[in-house]
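Comments concern the structure below.
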Amino acid sequence: MATDWLGSIVSINCGESLGVYQGRVSAVDQVSQTISLTRPFHNGVKCLVPEVTFRAGDITELKILEIPGPGDSQQCGDSQHMDTAMPGVGYQVGPSQNGTGKVLKKPLASSAPQNIPRRTDMKSQDIVISPQQQCSKSYMDRHMETLSQSKGFRRRHNSWSSSSRHPNQVTPKKSGLKNGQMKSKDDECFGDDIDEIPDTDFDFEGNLALFDKAAVFEEIETYERRSGTRSRGTPSEKPARYRHDENILEGEPIVYRRIVVPQNPHKEFCTDSGLVVPSVSYELHKKLLAVAEKHGLSLERRLEMTGVCASQMALSLLGGPNRLNPKNVHQRPTVALLCGPHVKGAQGISCGRHLSNHDVHVILFLPNFVKMLESITNELNLFSKTQGQQVSSVKDLPATPVDLVINCLDCPENAFLQDQPWYRAVVDWANQNRAPVLSIDPPMGEAGPAIDAKWSLALGLPLPLGERAGRLYLCDIGIPQKVFQEVGINYHSPFGCKFVIPLHST
């Protein structure tokens with residue numbers, strides 16, 4: 001009866017246009033030549049409809065993937081009875097005479113379904129395959145080979161392949177293996193009785209103590225020495241180990257103390273690369289600048305170099321490219337520049353000119369004097385050509401905090417200026433304004449500067465500054481090496497590729 005084939009899992013190939021469908025047979029109509037599948041899958045994807053129906057003319061190839069066991073046909077949800085047999089195991093689908101579809105050929109064996117145990121039964125008992133089942137199996141072997149790549153049918157295919165021998169041969173549970181070799185391996189690995197497992201824990205420390213590490217490594221080294229398998233060096237040498245920031249190429253050893261001053265330095269600093277930079281006294285520093293000026297490094301050149309280095313450092317403190325770009329015109333930074341009527345004040349004016357050229361709003365404070373130094377007059381003349389603002393009264397300074405305060409008020413030669421009313425007023429304004437302070441070439445002293453600085457910029461070589469100077473930076477103002485040697489300083493540049501470097505206390 002056709003109902004005996006209901007519940008079989010089949011694969012129907014409908015060509016390139018419709019694709020491949022898989023599902024369980026729910027109905028077969030011999031009159032209309034149709035077959036219906038429930039819970040269908042189209043090209044490996046589950047269909048949204050619960051059931052699909054195919055005409056014989058649309059079917060290119062039909063494969064039977066699983067035959068239902070006893071009673072399975074009653075669970076497929078269809079109670080329709082057919083008088084003719086459905087194309088099942090032992091049937092092949094071939095092209096029709098008109099070439100438009102596929103028709104059923106004659107069966108290879110009996111059309112009645114055979115009582116074949118399901119896979120669950122095969123695990124618990126031996127299987128005897130009858131001649132009718134062998135004929136059906138020959139069809140399955142031809143078509144299941146292409147499905148062996150599918151994970152869902154690989155085990156079922158292996159189960160059928162293991163039974164393809166003589167029709168009356170009794171196949172053991174683990175067939176296809178010679179002399180039960182796999183079974184013996186399984187018994188060897190998993191055949192121990194659970195009662196034989198010891199209850200005590202494994203003593204890791206005791207077993208580790210039995211391992212003589214020194215003897216083993218000595219044996220390895222002896223073997224490598226005799227066989228010549230060591231790749232480099234002598235057997236007694238150990239390969240050098242390098243950190244991630246070390247250069248493996250051999251070169252001259254780094255001498256970290258490359259600057260030697262004639263006097264014992266009161267304080268020493270070091271750079272980021274570890275080079276030691278000693279401090280010098282104010283007298284030696286003044287002598288160094290005088291000798292450099294004698295050899296051609298004039299005051300104007302020194303002022304220009306100091307202004308460039310100080311402005312470059314100030315631009316970095318103001319935010320650098322993140323703030324100073326054409327898109328942030330509404331965030332133009334403001335700098336208050338406090339200068340005295342001396343050379344150090346002229347250095348500050350040069351810095352303010354470069355800052356103003358880089359679109360920084362500069363407010364220059366300089367007290368009124370009847371007679372000014374020529375260097376200050378020249379710098380003021382250049383500064384007046386910029387967009388910077390010059391004031392001479394503390395009242396004209398901003399009442400709100402600015403972005404940065406640059407201090408150039410103090411000078412050892414003009415210590416009497418600290419008693420002037422304008423000096424005390426501008427110091428009070430700077431201390432009350434909550435902006436960070438950058439000091440350019442601050443003097444040393446026991447009391448220190450009147451304005452606490454967050455950063456200080458030294459020229460050439462640092463002075464032994466105190467804690468009130470803040471974090472110390474060093475700038476290169478272009479003094480040649482032989483000028484240092486002339487004043488008794490053994491000098492090698494610590495700047496590398498930069499003109500401003502940070503110094504750290506040792």
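Note on naming: chains are A, B, ... as they come in the structure tokens, residues start from 1 per chain, ligands start from 1 in the order shown.
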
Quiz item: If you count only C-alpha atoms, which residues fall within 7 Å of segment 311-325 of chain A, apart from same-chain ones fewer than 2 positions away, as a PyMOL selection string?
Solution: chain A and resi 307-309+327-328+351+354-355

Practice problem: Quick one: everything within 9 Å of His492 of chain A, counting only C-alpha atoms, minus sequence neighbours fewer than 6 positions away in the same chain. Send it as a PyMOL selection string. | Solution: chain A and resi 258-259+481

Quiz item: Just how far from atom CA of Gly340 of chain A is atom CA of Val394 of chain A, in Å to one decimal?
Solution: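 Separation between atom CA of Val394 of chain A and atom CA of Gly340 of chain A: 13.3 Å.
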
Practice problem: Please measure the separation of atom CA of Asn414 of chain A and atom CA of Pro367 of chain A, giving the value in Å to one decimal. | Solution: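 Atom-to-atom, atom CA of Asn414 of chain A to atom CA of Pro367 of chain A, that is 14.0 Å.
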